[in-house]
>>> print(open('target-v1.cif').read())   # mmCIF, C-alpha atoms
data_input
#
loop_
_atom_site.label_atom_id
_atom_site.label_comp_id
_atom_site.auth_asym_id
_atom_site.auth_seq_id
_atom_site.Cartn_x
_atom_site.Cartn_y
_atom_site.Cartn_z
CA MET A 1 -18.45 -3.44 -2.68
CA SER A 2 -16.37 -1.00 -0.64
CA SER A 3 -14.64 2.23 -1.66
CA VAL A 4 -11.59 4.07 -0.37
CA GLU A 5 -10.60 7.60 -1.38
CA HIS A 6 -7.10 8.95 -0.91
CA ILE A 7 -4.80 11.67 -2.22
CA VAL A 8 -2.11 10.37 -4.55
CA GLY A 9 0.02 13.49 -4.37
CA GLY A 10 0.02 17.29 -4.55
CA LYS A 11 2.01 19.24 -7.13
CA LEU A 12 2.31 22.65 -8.75
CA ILE A 13 1.30 22.75 -12.40
CA LEU A 14 0.98 25.47 -15.05
CA ALA A 15 -2.35 25.63 -16.89
CA ASN A 16 -0.94 27.99 -19.56
CA PRO A 17 2.83 27.42 -19.85
CA TRP A 18 2.93 29.65 -22.95
CA GLY A 19 2.70 32.61 -20.57
CA LEU A 20 6.35 32.00 -19.67
CA LEU A 21 7.31 33.33 -23.12
CA LEU A 22 7.02 36.80 -21.61
CA LEU A 23 10.31 36.04 -19.88
CA LEU A 24 12.01 36.57 -23.23
CA LEU A 25 11.28 40.29 -22.89
CA ILE A 26 13.63 40.55 -19.90
CA PRO A 27 16.98 40.06 -21.72
CA LEU A 28 15.59 42.17 -24.58
CA GLY A 29 14.80 44.97 -22.14
CA TYR A 30 18.28 44.84 -20.61
CA TYR A 31 19.80 45.06 -24.09
CA PHE A 32 17.89 48.23 -25.04
CA LEU A 33 18.52 49.84 -21.65
CA ARG A 34 22.26 49.39 -22.02
CA LYS A 35 22.15 50.73 -25.56
CA PHE A 36 19.87 53.74 -25.12
CA ARG A 37 19.91 54.65 -21.41
CA ALA A 38 22.85 57.03 -21.10
CA PRO A 39 24.44 57.76 -17.73
CA THR A 40 22.96 60.90 -16.15
CA MET A 41 23.19 63.02 -13.07
CA ILE A 42 20.66 62.43 -10.32
CA TYR A 43 18.83 64.93 -8.17
CA THR A 44 16.03 64.65 -5.67
CA VAL A 45 12.62 66.22 -5.79
CA THR A 46 13.38 68.44 -2.76
CA SER A 47 17.02 69.29 -3.24
CA ARG A 48 19.27 69.56 -6.28
CA PHE A 49 22.47 69.25 -4.22
CA GLY A 50 22.77 66.71 -1.44
CA ASP A 51 25.54 65.11 0.47
CA ALA A 52 27.76 62.63 -1.32
CA TRP A 53 26.34 59.63 0.52
CA LYS A 54 22.79 60.67 -0.40
CA ARG A 55 23.74 60.96 -4.04
CA SER A 56 25.38 57.55 -3.90
CA PHE A 57 22.26 56.02 -2.33
CA ARG A 58 19.98 57.54 -4.99
CA VAL A 59 22.29 56.43 -7.74
CA THR A 60 22.00 52.90 -6.37
CA LEU A 61 18.20 53.17 -6.40
CA TRP A 62 18.23 54.50 -9.95
CA ARG A 63 20.41 51.59 -11.07
CA ALA A 64 18.07 49.14 -9.32
CA VAL A 65 15.03 50.31 -11.32
CA PRO A 66 15.69 48.02 -14.36
CA HIS A 67 16.04 45.02 -12.06
CA LEU A 68 12.73 45.86 -10.38
CA TRP A 69 11.06 45.97 -13.80
CA ALA A 70 12.65 42.62 -14.68
CA ILE A 71 11.32 41.04 -11.46
CA ALA A 72 7.87 42.51 -12.12
CA LEU A 73 7.87 41.14 -15.68
CA ALA A 74 8.99 37.70 -14.45
CA LEU A 75 6.13 37.66 -11.94
CA PHE A 76 3.60 38.78 -14.59
CA SER A 77 4.89 35.99 -16.84
CA PHE A 78 4.44 33.44 -14.07
CA ALA A 79 0.92 34.75 -13.38
CA ALA A 80 0.10 34.49 -17.10
CA ALA A 81 1.16 30.83 -16.98
CA ARG A 82 -1.66 30.29 -14.43
CA PRO A 83 0.03 28.31 -11.65
CA ARG A 84 -2.21 25.82 -9.87
CA ALA A 85 -1.84 23.68 -6.79
CA GLY A 86 -3.20 20.33 -7.89
CA ASN A 87 -4.10 17.21 -5.93
CA GLU A 88 -4.89 13.95 -7.66
CA PHE A 89 -7.43 11.80 -5.86
CA GLN A 90 -8.08 8.12 -6.34
CA LYS A 91 -11.32 6.40 -5.48
CA ILE A 92 -10.79 2.67 -5.26
CA TYR A 93 -13.79 0.35 -5.50
CA THR A 94 -13.09 -3.20 -4.38
CA GLU A 95 -15.07 -6.40 -4.47
CA GLY A 96 -13.16 -8.12 -1.71
CA ILE A 97 -12.76 -11.78 -0.93
CA ASP A 98 -13.22 -13.17 2.57
CA ILE A 99 -10.62 -15.82 3.37
CA VAL A 100 -10.19 -18.01 6.44
CA VAL A 101 -6.75 -19.60 6.76
CA THR A 102 -7.18 -22.89 8.67
CA LEU A 103 -4.01 -24.45 10.12
CA ASP A 104 -3.41 -27.88 11.61
CA ILE A 105 -1.36 -27.52 14.83
CA SER A 106 -1.29 -31.17 15.87
CA SER A 107 2.00 -32.58 17.18
CA SER A 108 2.87 -34.12 13.80
CA MET A 109 3.37 -30.54 12.51
CA LEU A 110 6.71 -30.58 14.35
CA ALA A 111 8.12 -32.97 11.74
CA MET A 112 11.25 -31.58 10.11
CA ASP A 113 10.78 -32.46 6.45
CA PHE A 114 10.19 -28.69 6.03
CA LYS A 115 12.64 -26.08 7.32
CA PRO A 116 12.78 -25.55 10.22
CA ASN A 117 9.63 -27.69 10.64
CA ARG A 118 6.15 -27.98 9.19
CA ILE A 119 4.37 -25.57 11.50
CA GLU A 120 6.91 -22.75 11.06
CA ALA A 121 7.03 -23.24 7.29
CA ALA A 122 3.22 -23.17 7.18
CA LYS A 123 3.10 -19.98 9.26
CA LYS A 124 5.73 -18.29 7.08
CA GLU A 125 3.90 -18.98 3.81
CA ALA A 126 0.52 -18.07 5.31
CA ALA A 127 1.96 -14.76 6.54
CA GLN A 128 3.29 -13.88 3.08
CA PHE A 129 -0.07 -14.75 1.56
CA ILE A 130 -1.98 -12.62 4.08
CA ALA A 131 0.34 -9.64 3.62
CA GLY A 132 -0.32 -9.68 -0.12
CA ARG A 133 -4.14 -9.59 0.18
CA GLU A 134 -4.48 -5.88 0.97
CA ASN A 135 -8.15 -5.53 0.02
CA ASP A 136 -9.50 -8.75 1.55
CA ARG A 137 -10.76 -9.65 4.96
CA ILE A 138 -8.75 -12.48 6.49
CA GLY A 139 -9.60 -14.76 9.39
CA LEU A 140 -7.61 -17.48 11.14
CA VAL A 141 -8.71 -20.87 12.52
CA ILE A 142 -6.39 -23.38 14.20
CA PHE A 143 -7.19 -26.97 14.99
CA ALA A 144 -5.93 -30.20 16.49
CA SER A 145 -8.41 -32.40 18.42
CA LYS A 146 -10.70 -29.33 18.43
CA ALA A 147 -11.00 -26.27 16.23
CA PHE A 148 -10.54 -22.78 17.60
CA PRO A 149 -11.16 -19.40 15.86
CA GLN A 150 -7.85 -17.62 16.46
CA CYS A 151 -8.84 -14.41 14.64
CA PRO A 152 -12.18 -13.18 13.22
CA LEU A 153 -12.47 -11.86 9.68
CA THR A 154 -10.79 -8.47 9.54
CA ILE A 155 -9.09 -6.04 7.18
CA ASP A 156 -6.53 -5.34 9.93
CA HIS A 157 -3.86 -7.68 8.61
CA ARG A 158 -1.36 -6.58 11.25
CA MET A 159 -3.59 -8.09 13.89
CA VAL A 160 -3.96 -11.33 11.89
CA LEU A 161 -0.20 -11.60 11.45
CA GLN A 162 0.40 -10.92 15.13
CA LEU A 163 -2.02 -13.68 16.14
CA LEU A 164 -0.49 -16.00 13.54
CA LYS A 165 2.91 -15.49 15.18
CA GLN A 166 1.49 -16.76 18.46
CA VAL A 167 0.32 -20.05 16.91
CA LYS A 168 2.30 -23.08 18.05
CA VAL A 169 1.91 -26.80 18.53
CA GLY A 170 0.44 -27.66 21.94
CA LEU A 171 -2.14 -24.87 22.21
CA ILE A 172 -4.87 -27.48 21.70
CA GLU A 173 -5.02 -31.12 22.81
CA ASP A 174 -3.49 -33.39 20.19
CA GLY A 175 -5.54 -34.92 17.36
CA THR A 176 -6.74 -33.98 13.87
CA ALA A 177 -10.36 -32.83 13.62
CA ILE A 178 -10.54 -31.76 9.97
CA GLY A 179 -14.35 -31.80 9.81
CA ASP A 180 -14.67 -29.57 12.91
CA ALA A 181 -12.07 -27.21 11.45
CA ILE A 182 -14.12 -26.79 8.26
CA VAL A 183 -17.30 -26.15 10.27
CA THR A 184 -15.57 -23.55 12.46
CA ALA A 185 -14.09 -21.76 9.43
CA ALA A 186 -17.44 -21.87 7.59
CA ASN A 187 -19.14 -20.28 10.59
CA ARG A 188 -16.71 -17.35 10.26
CA LEU A 189 -17.89 -16.91 6.66
CA ARG A 190 -21.57 -17.72 7.08
CA ARG A 191 -22.75 -14.09 7.28
CA SER A 192 -20.20 -12.76 4.82
CA LYS A 193 -21.52 -10.71 1.89
CA ALA A 194 -18.26 -10.94 -0.08
CA LYS A 195 -18.49 -12.00 -3.73
CA SER A 196 -16.13 -14.89 -2.94
CA LYS A 197 -15.70 -16.86 0.29
CA VAL A 198 -12.70 -19.11 0.67
CA ILE A 199 -11.24 -21.57 3.20
CA ILE A 200 -7.58 -22.52 2.88
CA LEU A 201 -7.25 -25.78 4.82
CA LEU A 202 -3.76 -27.05 5.60
CA THR A 203 -3.15 -30.36 7.35
CA ASP A 204 -0.51 -33.09 7.48
CA GLY A 205 -2.71 -35.96 8.65
CA ARG A 206 -6.07 -37.66 8.53
CA ASN A 207 -9.31 -36.98 10.36
CA ASN A 208 -9.17 -39.02 13.58
CA THR A 209 -11.39 -37.10 15.97
CA GLY A 210 -14.14 -34.50 16.07
CA ARG A 211 -17.89 -34.50 15.72
CA VAL A 212 -18.28 -33.88 11.96
CA ASP A 213 -17.07 -35.86 8.98
CA PRO A 214 -14.87 -33.70 6.68
CA VAL A 215 -16.87 -34.37 3.49
CA THR A 216 -20.16 -33.65 5.28
CA ALA A 217 -18.66 -30.38 6.56
CA ALA A 218 -17.44 -29.51 3.06
CA ASN A 219 -20.93 -30.05 1.62
CA ALA A 220 -22.37 -27.73 4.26
CA ALA A 221 -19.74 -25.13 3.39
CA ALA A 222 -20.51 -25.46 -0.31
CA ALA A 223 -24.19 -24.82 0.42
CA LEU A 224 -23.11 -21.46 1.88
CA GLY A 225 -21.15 -20.62 -1.26
CA ILE A 226 -17.78 -21.33 0.35
CA LYS A 227 -14.89 -22.70 -1.68
CA ILE A 228 -12.22 -24.87 -0.01
CA TYR A 229 -8.60 -25.11 -1.11
CA SER A 230 -7.11 -28.06 0.78
CA ILE A 231 -3.36 -28.56 1.18
CA GLY A 232 -1.75 -31.84 2.25
CA MET A 233 1.59 -31.02 3.88
CA GLY A 234 4.33 -33.62 4.16
CA THR A 235 7.07 -35.33 2.22
CA LEU A 236 6.66 -38.69 0.55
CA GLY A 237 7.51 -41.67 2.76
CA LYS A 238 8.96 -40.87 6.18
CA ALA A 239 9.85 -37.61 7.91
CA PRO A 240 12.15 -36.93 10.91
CA TYR A 241 10.14 -36.21 14.05
CA PRO A 242 11.59 -34.88 17.35
CA VAL A 243 11.01 -36.98 20.49
CA GLN A 244 12.49 -36.79 23.99
CA ASP A 245 14.13 -39.83 25.57
CA ALA A 246 14.05 -40.79 29.26
CA PHE A 247 16.86 -38.32 30.01
CA GLY A 248 15.06 -35.35 28.45
CA ARG A 249 17.26 -35.31 25.39
CA THR A 250 15.77 -34.61 21.96
CA ARG A 251 16.38 -37.17 19.25
CA TYR A 252 14.82 -37.58 15.84
CA VAL A 253 13.00 -40.67 14.68
CA PRO A 254 11.55 -41.36 11.21
CA MET A 255 7.76 -41.13 11.17
CA ASP A 256 5.40 -42.28 8.45
CA VAL A 257 3.68 -39.42 6.58
CA GLN A 258 -0.02 -40.21 6.69
CA ILE A 259 -2.11 -37.75 4.69
CA ASP A 260 -5.66 -38.70 3.75
CA GLU A 261 -5.40 -37.30 0.24
CA GLN A 262 -8.63 -38.94 -0.89
CA THR A 263 -10.65 -37.10 1.75
CA LEU A 264 -8.87 -33.79 1.11
CA LYS A 265 -9.56 -34.13 -2.62
CA GLN A 266 -13.26 -34.78 -1.92
CA VAL A 267 -13.44 -31.80 0.42
CA ALA A 268 -12.05 -29.54 -2.30
CA GLU A 269 -14.11 -31.07 -5.11
CA VAL A 270 -17.53 -30.80 -3.46
CA SER A 271 -16.93 -27.13 -2.65
CA GLY A 272 -15.61 -26.13 -6.06
CA GLY A 273 -12.05 -25.71 -4.81
CA GLU A 274 -8.85 -27.61 -5.48
CA TYR A 275 -6.48 -29.97 -3.64
CA PHE A 276 -2.71 -29.43 -3.50
CA ARG A 277 0.13 -31.54 -2.16
CA ALA A 278 3.14 -29.76 -0.64
CA THR A 279 6.17 -32.00 -0.20
CA ASP A 280 8.64 -29.21 0.62
CA SER A 281 8.79 -25.50 1.41
CA GLU A 282 9.25 -24.46 -2.21
CA LYS A 283 6.13 -26.34 -3.32
CA LEU A 284 4.14 -24.89 -0.44
CA HIS A 285 5.21 -21.40 -1.51
CA LYS A 286 4.11 -22.08 -5.10
CA ILE A 287 0.75 -23.44 -3.90
CA TYR A 288 -0.02 -20.21 -2.04
CA GLN A 289 1.03 -18.24 -5.12
CA GLN A 290 -1.32 -20.31 -7.27
CA ILE A 291 -4.24 -19.78 -4.88
CA ASP A 292 -3.42 -16.05 -4.84
CA ARG A 293 -3.65 -15.94 -8.65
CA MET A 294 -6.90 -17.93 -8.75
CA GLU A 295 -8.63 -15.76 -6.18
CA LYS A 296 -8.04 -12.25 -7.51
CA THR A 297 -9.84 -9.33 -5.92
CA LYS A 298 -11.62 -7.06 -8.40
CA ILE A 299 -10.32 -3.51 -8.08
CA GLU A 300 -11.63 -0.49 -9.98
CA VAL A 301 -9.72 2.78 -9.68
CA LYS A 302 -11.21 6.15 -10.63
CA LYS A 303 -8.98 9.22 -10.70
CA PHE A 304 -9.97 12.87 -10.49
CA LYS A 305 -8.16 16.12 -9.79
CA ARG A 306 -8.83 19.28 -7.82
CA TYR A 307 -7.00 22.55 -8.37
CA ARG A 308 -6.53 25.81 -6.49
CA GLU A 309 -5.64 28.81 -8.69
CA LEU A 310 -2.51 30.66 -7.52
CA TYR A 311 -1.99 33.29 -10.24
CA ALA A 312 -3.22 36.10 -7.94
CA ILE A 313 -0.06 35.82 -5.80
CA PRO A 314 2.54 36.50 -8.54
CA LEU A 315 0.18 39.07 -10.08
CA PHE A 316 0.01 41.04 -6.83
CA LEU A 317 3.78 40.81 -6.31
CA GLY A 318 4.34 41.90 -9.93
CA PHE A 319 2.27 45.06 -9.40
CA LEU A 320 4.16 45.66 -6.16
CA PHE A 321 7.58 45.54 -7.85
CA MET A 322 6.30 47.61 -10.80
CA SER A 323 5.02 50.28 -8.38
CA MET A 324 8.40 50.33 -6.60
CA ALA A 325 10.19 50.80 -9.94
CA ILE A 326 7.92 53.71 -10.93
CA PHE A 327 8.17 55.29 -7.50
CA PHE A 328 11.98 55.10 -7.37
CA GLU A 329 12.44 56.41 -10.91
CA TYR A 330 9.89 59.24 -11.02
CA VAL A 331 9.56 60.29 -7.36
CA VAL A 332 12.72 59.46 -5.39
CA VAL A 333 15.16 60.17 -8.22
CA ARG A 334 14.82 61.80 -11.68
CA PRO A 335 17.23 61.59 -14.55
CA ILE A 336 18.25 64.90 -16.14
CA PRO A 337 18.12 64.74 -19.93
#
>>> encode(input="target-v1.cif", output="structure tokens")
Amino acid sequence: MSSVEHIVGGKLILANPWGLLLLLLIPLGYYFLRKFRAPTMIYTVTSRFGDAWKRSFRVTLWRAVPHLWAIALALFSFAAARPRAGNEFQKIYTEGIDIVVTLDISSSMLAMDFKPNRIEAAKKEAAQFIAGRENDRIGLVIFASKAFPQCPLTIDHRMVLQLLKQVKVGLIEDGTAIGDAIVTAANRLRRSKAKSKVIILLTDGRNNTGRVDPVTAANAAAALGIKIYSIGMGTLGKAPYPVQDAFGRTRYVPMDVQIDEQTLKQVAEVSGGEYFRATDSEKLHKIYQQIDRMEKTKIEVKKFKRYRELYAIPLFLGFLFMSMAIFFEYVVVRPIP
């Protein structure tokens, strides 16, 4: 089981929003000031008669005093509401699944009963499947006459997808070594400690080369706790296959679809998996969706929050504006009754 902790988001919250009711005192204060605070003459502490511009400046300060009190009260109200900077954290515990996608890249995968052809359709659906398995380790094995581990098990799905893009027919000498492919994929999973270990085996033919029989390989995989989902890819009957004539021109000839469904069913059955037949791109897409639903990763999410109290800031500013109001009214200027 692995765990990942991350911040979901930071936000400002009020622990005591009732404190904002103090804001109601501000319009009430303005009302009583207008009603009971009569206009007066202003003089300074040091001189009763100053220049006109000095009197005007002090009158402005005297008129600003109520606004300073209002600002101070608003800040005290905000402080009473106890603002907090909160971050919500999530700790995600996962019981991941280790999956090895195993693709046939023999020449028959160039058949065009899938759009644009079998190999590209298989790569497209495999890529979508891989992208959706965020919490699982994915590996990639390709095979024709031999099997080759294209990518080790990894949580770095970008790397897997990049290596999957590079897969093409012709990388390995032609043939279909299904048994060797299962052995190679099982070796990728042999030391895995995941709660579930899965091989997705896709082929469009029958085992015609290699050192290991497919059913024997599947039994060995089952002994390691590995489940195999086998997919037979190809339409029913014949499929158009590209060939080059003597002049280098490409033409398409019908080719018999030869899938050893009996062997693929046995491979799946002995390992506790399931066999699927994909006769077109839509069915292949649905098969991957079905496998995705059957092999769900267990995810447990725990949430907790951390706060930083911020009330001291508006409280300090409130005292600052209150002090300015008192200083302006009782020191800089004084109303004469």
>>> resolve_selection(input="target-v1.cif", expression="the PyMOL selection byres ((chain A and resi 206) around 10)", output="ChimeraX atom specification")
/A:175-178,203-205,207-209,214,232,258-264
>>> write_last_selection(input="target-v1.cif", atoms="C-alpha atoms", output="PDB file, keeping the file's coordinate frame")
ATOM      1  CA  GLY A 175      -5.540 -34.920  17.360  1.00  0.00           C
ATOM      2  CA  THR A 176      -6.740 -33.980  13.870  1.00  0.00           C
ATOM      3  CA  ALA A 177     -10.360 -32.830  13.620  1.00  0.00           C
ATOM      4  CA  ILE A 178     -10.540 -31.760   9.970  1.00  0.00           C
ATOM      5  CA  THR A 203      -3.150 -30.360   7.350  1.00  0.00           C
ATOM      6  CA  ASP A 204      -0.510 -33.090   7.480  1.00  0.00           C
ATOM      7  CA  GLY A 205      -2.710 -35.960   8.650  1.00  0.00           C
ATOM      8  CA  ASN A 207      -9.310 -36.980  10.360  1.00  0.00           C
ATOM      9  CA  ASN A 208      -9.170 -39.020  13.580  1.00  0.00           C
ATOM     10  CA  THR A 209     -11.390 -37.100  15.970  1.00  0.00           C
ATOM     11  CA  PRO A 214     -14.870 -33.700   6.680  1.00  0.00           C
ATOM     12  CA  GLY A 232      -1.750 -31.840   2.250  1.00  0.00           C
ATOM     13  CA  GLN A 258      -0.020 -40.210   6.690  1.00  0.00           C
ATOM     14  CA  ILE A 259      -2.110 -37.750   4.690  1.00  0.00           C
ATOM     15  CA  ASP A 260      -5.660 -38.700   3.750  1.00  0.00           C
ATOM     16  CA  GLU A 261      -5.400 -37.300   0.240  1.00  0.00           C
ATOM     17  CA  GLN A 262      -8.630 -38.940  -0.890  1.00  0.00           C
ATOM     18  CA  THR A 263     -10.650 -37.100   1.750  1.00  0.00           C
ATOM     19  CA  LEU A 264      -8.870 -33.790   1.110  1.00  0.00           C
TER      20      LEU A 264
END
>>> resolve_selection(input="target-v1.cif", expression="the PyMOL selection byres ((chain A and resi 242) around 10)", output="tab-separated table (two decimals) with C-alpha atoms, keeping the file's coordinate frame")
chain	number	residue	atom	x	y	z
A	107	SER	CA	2.00	-32.58	17.18
A	108	SER	CA	2.87	-34.12	13.80
A	110	LEU	CA	6.71	-30.58	14.35
A	111	ALA	CA	8.12	-32.97	11.74
A	112	MET	CA	11.25	-31.58	10.11
A	239	ALA	CA	9.85	-37.61	7.91
A	240	PRO	CA	12.15	-36.93	10.91
A	241	TYR	CA	10.14	-36.21	14.05
A	243	VAL	CA	11.01	-36.98	20.49
A	244	GLN	CA	12.49	-36.79	23.99
A	245	ASP	CA	14.13	-39.83	25.57
A	249	ARG	CA	17.26	-35.31	25.39
A	250	THR	CA	15.77	-34.61	21.96
A	251	ARG	CA	16.38	-37.17	19.25
A	252	TYR	CA	14.82	-37.58	15.84
A	253	VAL	CA	13.00	-40.67	14.68
A	254	PRO	CA	11.55	-41.36	11.21
A	255	MET	CA	7.76	-41.13	11.17
>>> resolve_selection(input="target-v1.cif", expression="the PyMOL selection byres ((chain A and resi 294) around 12)", output="JSON list (two decimals) with C-alpha atoms, in the frame of the given file")
[["chain", "number", "residue", "atom", "x", "y", "z"],
["A", 97, "ILE", "CA", -12.76, -11.78, -0.93],
["A", 196, "SER", "CA", -16.13, -14.89, -2.94],
["A", 198, "VAL", "CA", -12.70, -19.11, 0.67],
["A", 227, "LYS", "CA", -14.89, -22.70, -1.68],
["A", 229, "TYR", "CA", -8.60, -25.11, -1.11],
["A", 273, "GLY", "CA", -12.05, -25.71, -4.81],
["A", 274, "GLU", "CA", -8.85, -27.61, -5.48],
["A", 287, "ILE", "CA", 0.75, -23.44, -3.90],
["A", 288, "TYR", "CA", -0.02, -20.21, -2.04],
["A", 289, "GLN", "CA", 1.03, -18.24, -5.12],
["A", 290, "GLN", "CA", -1.32, -20.31, -7.27],
["A", 291, "ILE", "CA", -4.24, -19.78, -4.88],
["A", 292, "ASP", "CA", -3.42, -16.05, -4.84],
["A", 293, "ARG", "CA", -3.65, -15.94, -8.65],
["A", 295, "GLU", "CA", -8.63, -15.76, -6.18],
["A", 296, "LYS", "CA", -8.04, -12.25, -7.51],
["A", 297, "THR", "CA", -9.84, -9.33, -5.92],
["A", 298, "LYS", "CA", -11.62, -7.06, -8.40]]
>>> atom_distance(input="target-v1.cif", atom1="CA of Ala79 (chain A)", atom2="CA of Leu24 (chain A)")
14.9 Å
>>> closest_residue(input="target-v1.cif", among="A:Arg84, A:Gly179, A:Gly132, A:Val65", to="Lys11 (chain A)", atoms="only C-alpha atoms")
A:Arg84
>>> closest_residue(input="target-v1.cif", among="A:Leu202, A:Val160, A:Leu75, A:Ile105", to="Tyr311 (chain A)", atoms="all atoms listed in the file")
A:Leu75
>>> residues_around(input="target-v1.cif", residues="region 180-193 of chain A", least_positions_apart="6", cutoff="10 Å", atoms="only C-alpha atoms", output="PyMOL selection string")
chain A and resi 1+96-104+137+139-149+151-153+199-201+207+209-218+220-222+224-228+267
>>> closest_residue(input="target-v1.cif", among="A:Leu61, A:Ala127, A:Leu73, A:Ile138", to="Val332 (chain A)", atoms="only C-alpha atoms")
A:Leu61
>>> closest_residue(input="target-v1.cif", among="A:Asn219, A:Ser281, A:Thr235, A:Asn117", to="Ala268 (chain A)", atoms="all atoms listed in the file")
A:Asn219
>>> residues_around(input="target-v1.cif", residues="Phe319 (chain A)", least_positions_apart="5", cutoff="9 Å", atoms="all atoms listed in the file", output="PyMOL selection string")
chain A and resi 72+75-76+314+324
>>> atom_distance(input="target-v1.cif", atom1="CA of Trp18 (chain A)", atom2="CA of Ala85 (chain A)")
17.9 Å
>>> atom_distance(input="target-v1.cif", atom1="CA of His67 (chain A)", atom2="CA of Tyr330 (chain A)")
15.5 Å
>>> closest_residue(input="target-v1.cif", among="A:Ala15, A:Val169, A:Leu20, A:Leu28", to="Ala122 (chain A)", atoms="all atoms listed in the file")
A:Val169
>>> residues_near_point(input="target-v1.cif", point="(-3.7, 33.0, -10.5)", cutoff="10 Å", atoms="only C-alpha atoms", output="list in words")
Leu14, Ala15, Phe78, Ala79, Ala80, Ala81, Arg82, Pro83, Arg84, Arg308, Glu309, Leu310, Tyr311, Ala312, Ile313, Pro314, Leu315 and Phe316 of chain A
>>> closest_residue(input="target-v1.cif", among="A:Ala70, A:Val270, A:Ala223, A:Val257", to="Gly237 (chain A)", atoms="all atoms listed in the file")
A:Val257
>>> axis_aligned_box(input="target-v1.cif", around="region 254-266 of chain A", padding_each_side="3 Å", output="lines of an AutoDock Vina configuration file")
center_x = -0.9
center_y = -38.0
center_z = 4.3
size_x = 30.8
size_y = 14.5
size_z = 19.8
>>> decode(input="target-v1.cif", residues="region 118-130 of chain A", atoms="C-alpha atoms", output="short mmCIF file (atom, residue, chain, number, x, y, z; two decimals), in the first residue's frame")
data_model
loop_
_atom_site.label_atom_id
_atom_site.label_comp_id
_atom_site.auth_asym_id
_atom_site.auth_seq_id
_atom_site.Cartn_x
_atom_site.Cartn_y
_atom_site.Cartn_z
CA ARG A 118 -4.90 -3.38 -36.24
CA ILE A 119 -1.65 -2.21 -34.70
CA GLU A 120 -2.63 1.48 -34.58
CA ALA A 121 -6.09 0.67 -33.21
CA ALA A 122 -4.50 -1.55 -30.55
CA LYS A 123 -2.03 1.19 -29.59
CA LYS A 124 -4.80 3.80 -29.37
CA GLU A 125 -6.99 1.75 -27.04
CA ALA A 126 -4.01 0.66 -24.93
CA ALA A 127 -2.96 4.30 -24.55
CA GLN A 128 -6.43 5.34 -23.35
CA PHE A 129 -6.45 2.46 -20.89
CA ILE A 130 -3.00 3.35 -19.53
#
